[in-house]
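Raw contents of coords_31.txt, compact mmCIF, C-alpha atoms:
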```
# COMPACT_ATOMS: atom_id res chain seq x y z
CA MET Z 26 148.42 41.68 -32.40
CA LYS Z 27 149.45 40.75 -35.95
CA ASN Z 28 149.69 37.10 -34.98
CA LYS Z 29 146.12 37.07 -33.70
CA GLY Z 30 144.83 38.68 -36.91
CA SER Z 31 146.76 36.37 -39.21
CA LYS Z 32 145.74 33.35 -37.15
CA PHE Z 33 142.07 34.37 -37.49
CA ILE Z 34 142.51 34.83 -41.27
CA ARG Z 35 144.10 31.38 -41.59
CA ILE Z 36 141.31 29.71 -39.61
CA PHE Z 37 138.69 31.58 -41.63
CA THR Z 38 140.38 30.55 -44.91
CA ILE Z 39 140.56 26.91 -43.81
CA LEU Z 40 136.87 26.94 -42.88
CA ILE Z 41 135.97 28.38 -46.29
CA ILE Z 42 138.05 25.73 -48.06
CA ILE Z 43 136.44 22.96 -45.98
CA GLY Z 44 132.98 24.37 -46.77
CA ILE Z 45 133.72 24.47 -50.51
CA LEU Z 46 135.13 20.92 -50.46
CA TYR Z 47 132.03 19.71 -48.60
CA GLN Z 48 129.77 21.28 -51.24
CA VAL Z 49 131.75 19.73 -54.11
CA VAL Z 50 131.78 16.26 -52.51
CA SER Z 51 128.06 16.33 -51.67
CA LEU Z 52 127.15 17.47 -55.22
CA TYR Z 53 129.29 14.67 -56.67
CA TYR Z 54 127.69 12.14 -54.30
CA LEU Z 55 124.13 13.19 -55.24
CA LYS Z 56 124.99 13.11 -58.95
CA ALA Z 57 126.52 9.62 -58.57
CA LYS Z 58 123.37 8.41 -56.77
CA ASP Z 59 121.13 9.80 -59.49
CA GLU Z 60 123.30 8.26 -62.23
CA ARG Z 61 123.16 4.87 -60.49
CA ASP Z 62 119.35 5.14 -60.36
CA ARG Z 63 119.17 6.11 -64.05
CA THR Z 64 121.34 3.13 -65.01
CA LEU Z 65 119.16 0.79 -62.97
CA ALA Z 66 116.02 2.29 -64.53
CA LYS Z 67 117.41 1.60 -68.02
CA GLN Z 68 118.14 -2.01 -67.00
CA ILE Z 69 114.57 -2.37 -65.73
CA GLU Z 70 113.25 -1.00 -69.05
CA LYS Z 71 115.23 -3.63 -70.95
CA ALA Z 72 113.96 -6.37 -68.64
CA VAL Z 73 110.34 -5.30 -69.24
CA SER Z 74 110.88 -5.31 -73.01
CA LEU Z 75 112.46 -8.76 -72.72
CA ALA Z 76 109.49 -10.03 -70.71
CA ILE Z 77 107.12 -8.79 -73.44
CA ALA Z 78 109.26 -10.38 -76.18
CA LYS Z 79 109.58 -13.72 -74.37
CA ASN Z 80 105.88 -13.98 -73.58
CA VAL Z 81 104.22 -12.95 -76.84
CA THR Z 82 101.70 -15.78 -76.55
CA LEU Z 83 100.55 -14.59 -73.11
CA GLU Z 84 99.35 -11.27 -74.55
CA LEU Z 85 101.17 -9.08 -72.06
CA ALA Z 86 100.79 -6.10 -74.37
CA SER Z 87 98.52 -4.85 -77.13
CA ARG Z 88 99.72 -4.45 -80.74
CA GLY Z 89 100.47 -0.82 -79.94
CA GLY Z 90 102.86 -1.97 -77.19
CA ARG Z 91 100.75 -0.96 -74.20
CA ILE Z 92 100.79 -3.39 -71.32
CA TYR Z 93 97.60 -5.15 -70.23
CA TRP Z 94 97.96 -4.59 -66.52
CA SER Z 95 96.62 -7.66 -64.73
CA LYS Z 96 97.85 -9.50 -61.65
CA GLU Z 97 99.14 -12.32 -63.86
CA ASN Z 98 101.08 -9.95 -66.11
CA GLU Z 99 102.50 -8.15 -63.10
CA GLU Z 100 103.98 -11.43 -61.87
CA VAL Z 101 105.50 -12.26 -65.27
CA ILE Z 102 107.05 -8.80 -65.62
CA LYS Z 103 108.23 -8.61 -62.02
CA ASN Z 104 109.87 -12.06 -62.24
CA GLU Z 105 111.64 -11.09 -65.47
CA ILE Z 106 112.96 -7.87 -63.91
CA VAL Z 107 114.24 -9.69 -60.83
CA SER Z 108 115.89 -12.49 -62.85
CA SER Z 109 117.39 -10.09 -65.44
CA LEU Z 110 118.95 -7.89 -62.78
CA SER Z 111 120.17 -10.87 -60.73
CA VAL Z 112 119.52 -8.90 -57.56
CA GLY Z 113 119.26 -11.97 -55.32
CA GLN Z 114 115.90 -10.92 -53.91
CA LYS Z 115 112.26 -11.23 -54.92
CA GLU Z 116 111.51 -7.52 -55.20
CA VAL Z 117 112.33 -4.92 -57.79
CA PRO Z 118 115.08 -2.75 -56.27
CA LYS Z 119 114.20 0.76 -55.16
CA PRO Z 120 116.10 3.86 -56.20
CA SER Z 121 119.07 4.66 -53.96
CA GLU Z 122 117.56 8.03 -53.11
CA LYS Z 123 115.23 7.90 -50.11
CA GLY Z 124 111.66 8.98 -50.66
CA TYR Z 125 111.45 7.70 -54.25
CA TYR Z 126 109.75 4.79 -55.98
CA TYR Z 127 110.28 3.48 -59.48
CA TYR Z 128 107.33 3.98 -61.79
CA MET Z 129 106.78 2.61 -65.29
CA TYR Z 130 104.73 3.99 -68.17
CA LEU Z 131 102.33 1.41 -69.54
CA GLU Z 132 103.17 2.15 -73.17
CA SER Z 133 106.17 0.99 -75.14
CA PRO Z 134 109.08 1.74 -74.58
CA TYR Z 135 108.06 1.26 -70.92
CA THR Z 136 109.93 4.29 -69.65
CA VAL Z 137 111.00 3.77 -66.04
CA ILE Z 138 111.29 6.87 -63.87
CA LYS Z 139 111.59 7.57 -60.16
CA LEU Z 140 109.14 9.91 -58.50
CA PRO Z 141 108.83 11.07 -54.89
CA TYR Z 142 106.00 9.54 -52.88
CA LYS Z 143 103.69 11.23 -50.38
CA MET Z 144 103.70 8.58 -47.68
CA GLU Z 145 106.18 5.77 -47.11
CA GLY Z 146 104.84 2.39 -48.17
CA TYR Z 147 102.15 3.81 -50.47
CA PRO Z 148 103.04 4.62 -54.06
CA ASN Z 149 101.24 7.92 -54.25
CA ILE Z 150 102.92 10.71 -56.22
CA ASP Z 151 103.78 13.79 -54.17
CA THR Z 152 102.07 16.42 -56.31
CA ASP Z 153 103.60 19.23 -54.22
CA ILE Z 154 106.95 18.28 -55.78
CA VAL Z 155 105.95 16.58 -59.02
CA THR Z 156 104.70 19.32 -61.30
CA LEU Z 157 104.83 19.43 -65.08
CA ASP Z 158 107.95 21.62 -64.82
CA TYR Z 159 109.59 19.01 -62.56
CA ILE Z 160 108.80 16.25 -65.08
CA ILE Z 161 110.14 18.28 -68.01
CA GLU Z 162 113.33 19.19 -66.14
CA LYS Z 163 114.10 15.73 -64.71
CA TYR Z 164 113.00 13.68 -67.73
CA PRO Z 165 113.76 15.48 -71.01
CA LYS Z 166 111.66 14.35 -73.97
CA LYS Z 167 114.60 13.29 -76.15
CA GLU Z 168 115.70 10.74 -73.53
CA TYR Z 169 112.24 9.88 -72.12
CA PRO Z 170 109.85 10.14 -75.08
CA GLN Z 171 106.63 9.57 -73.11
CA VAL Z 172 107.20 11.60 -70.03
CA ASN Z 173 106.64 15.29 -70.64
CA ASP Z 174 103.47 15.38 -72.70
CA GLU Z 175 101.32 15.76 -69.61
CA MET Z 176 101.31 15.06 -65.89
CA PRO Z 177 101.52 11.32 -65.17
CA SER Z 178 98.55 9.61 -63.55
CA LEU Z 179 99.21 6.76 -61.15
CA LYS Z 180 97.35 3.54 -61.93
CA THR Z 181 96.13 1.98 -58.70
CA ASP Z 182 94.29 -1.15 -59.82
CA TYR Z 183 94.49 -4.04 -62.26
CA ASP Z 184 92.56 -4.24 -65.50
CA SER Z 185 90.32 -7.26 -65.84
CA TRP Z 186 90.84 -9.56 -68.80
CA TYR Z 187 87.10 -9.34 -69.41
CA SER Z 188 87.38 -5.71 -70.53
CA TYR Z 189 89.90 -6.69 -73.23
CA TYR Z 190 87.65 -9.35 -74.65
CA LYS Z 191 84.87 -6.77 -74.84
CA GLY Z 192 87.07 -4.45 -76.91
CA LYS Z 193 87.79 -1.84 -74.23
CA ALA Z 194 91.59 -2.09 -74.34
CA LYS Z 195 91.76 1.16 -76.28
CA ASP Z 196 90.21 2.93 -73.28
CA LEU Z 197 93.44 2.63 -71.28
CA LYS Z 198 94.77 6.10 -70.53
CA LYS Z 199 97.98 7.14 -72.18
CA ASN Z 200 100.79 7.99 -69.76
CA SER Z 201 99.33 5.89 -66.98
CA ILE Z 202 102.07 4.59 -64.75
CA VAL Z 203 102.40 1.89 -62.12
CA CYS Z 204 104.75 1.64 -59.17
CA LEU Z 205 107.27 -1.15 -59.64
CA ASN Z 206 108.21 -1.74 -56.02
CA ASN Z 207 105.66 -1.03 -53.33
CA ILE Z 208 106.89 -2.27 -49.97
CA SER Z 209 104.22 -4.72 -48.87
CA LYS Z 210 101.28 -5.15 -51.23
CA GLY Z 211 102.76 -5.79 -54.66
CA TRP Z 212 102.92 -2.77 -56.94
CA PHE Z 213 99.62 -1.21 -55.94
CA TYR Z 214 98.12 -0.01 -52.73
CA GLU Z 215 94.56 -1.03 -51.93
```
Show me the file's structure as structure tokens.
Amino acid sequence: MKNKGSKFIRIFTILIIIGILYQVVSLYYLKAKDERDRTLAKQIEKAVSLAIAKNVTLELASRGGRIYWSKENEEVIKNEIVSSLSVGQKEVPKPSEKGYYYYMYLESPYTVIKLPYKMEGYPNIDTDIVTLDYIIEKYPKKEYPQVNDEMPSLKTDYDSWYSYYKGKAKDLKKNSIVCLNNISKGWFYE
């Protein structure tokens, strides 16, 4: 009888140890994935800044540092990101975590963040998950200066150059963001 009881206790103890090890390994794995995404986001930020610096004459950004978001500027910025990262492909890499896209604030310092999408293939923020509390928790203000002032709004179209010549550049919303890597139709869905 004692052998059966002690055998059960040993099996139970082993199962508990395996369960704890599994939890530790999965937490480490998720943290490593998130850290890899954060590092890549910082590299993308630097590439965007470099694109702006290299192409001053093209007027990619206003004097305040906000990007003029046109199809032409998208191509310049996208090409700079791809060449800076040397990823060997023509698309901006996605975060390693499934269900996320990279987004970029249109104002300097071009903060790159990853947010969950509603439907695969369409950069549309999942507002069931992305609340102001989520933004504040995931992207603290000291590290991401633009992020937690208000809820981000996804920009879904290009600005025409005509509006800038008519003096409407100041009408661009603050904290507007664009998706950096939509699957099939550039960075916007139509």
- prompt: Which residues, written as number ranges by chain, have at least one atom at most 10 Å from Tyr169 of chain Z, with all atoms listed in the file counted and residues fewer than 2 positions away on the same chain left out?
  reply: Z: 134-138, 161, 163-167, 171-173
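Our summary of the geometry notes that atom CA of Ser111 of chain Z is positioned 25.6 Å from atom CA of Arg91 of chain Z.
Taking atom CA of Leu110 of chain Z and atom CA of Asn200 of chain Z as endpoints, the distance between them is 25.1 Å.
Closest approach to Tyr126 of chain Z among Z:Ser31, Z:Asn206, Z:Ile154, Z:Leu75 is made by Z:Asn206 (distances from all atoms listed in the file).
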message: One decimal, in Å: what's the spacing between atom CA of Ser133 of chain Z and atom CA of Gly90 of chain Z?
response: 4.9 Å
Would you pick out the contacts of Ser178 of chain Z at 12 Å or less, using all atoms listed in the file, so that residues sharing its chain but fewer than 6 positions from it are not included, and give the list as a PDB file with C-alpha atoms, in the frame of the given file?
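Written output follows (out_22.pdb):
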```
ATOM      1  CA  TYR Z 128     107.330   3.980 -61.790  1.00  0.00           C
ATOM      2  CA  MET Z 129     106.780   2.610 -65.290  1.00  0.00           C
ATOM      3  CA  TYR Z 130     104.730   3.990 -68.170  1.00  0.00           C
ATOM      4  CA  LEU Z 131     102.330   1.410 -69.540  1.00  0.00           C
ATOM      5  CA  LEU Z 140     109.140   9.910 -58.500  1.00  0.00           C
ATOM      6  CA  PRO Z 148     103.040   4.620 -54.060  1.00  0.00           C
ATOM      7  CA  ASN Z 149     101.240   7.920 -54.250  1.00  0.00           C
ATOM      8  CA  ILE Z 150     102.920  10.710 -56.220  1.00  0.00           C
ATOM      9  CA  ASP Z 151     103.780  13.790 -54.170  1.00  0.00           C
ATOM     10  CA  THR Z 152     102.070  16.420 -56.310  1.00  0.00           C
ATOM     11  CA  VAL Z 155     105.950  16.580 -59.020  1.00  0.00           C
ATOM     12  CA  THR Z 156     104.700  19.320 -61.300  1.00  0.00           C
ATOM     13  CA  LEU Z 157     104.830  19.430 -65.080  1.00  0.00           C
ATOM     14  CA  VAL Z 172     107.200  11.600 -70.030  1.00  0.00           C
ATOM     15  CA  LEU Z 197      93.440   2.630 -71.280  1.00  0.00           C
ATOM     16  CA  LYS Z 198      94.770   6.100 -70.530  1.00  0.00           C
ATOM     17  CA  LYS Z 199      97.980   7.140 -72.180  1.00  0.00           C
ATOM     18  CA  ASN Z 200     100.790   7.990 -69.760  1.00  0.00           C
ATOM     19  CA  SER Z 201      99.330   5.890 -66.980  1.00  0.00           C
ATOM     20  CA  ILE Z 202     102.070   4.590 -64.750  1.00  0.00           C
ATOM     21  CA  VAL Z 203     102.400   1.890 -62.120  1.00  0.00           C
ATOM     22  CA  CYS Z 204     104.750   1.640 -59.170  1.00  0.00           C
TER      23      CYS Z 204
END
```
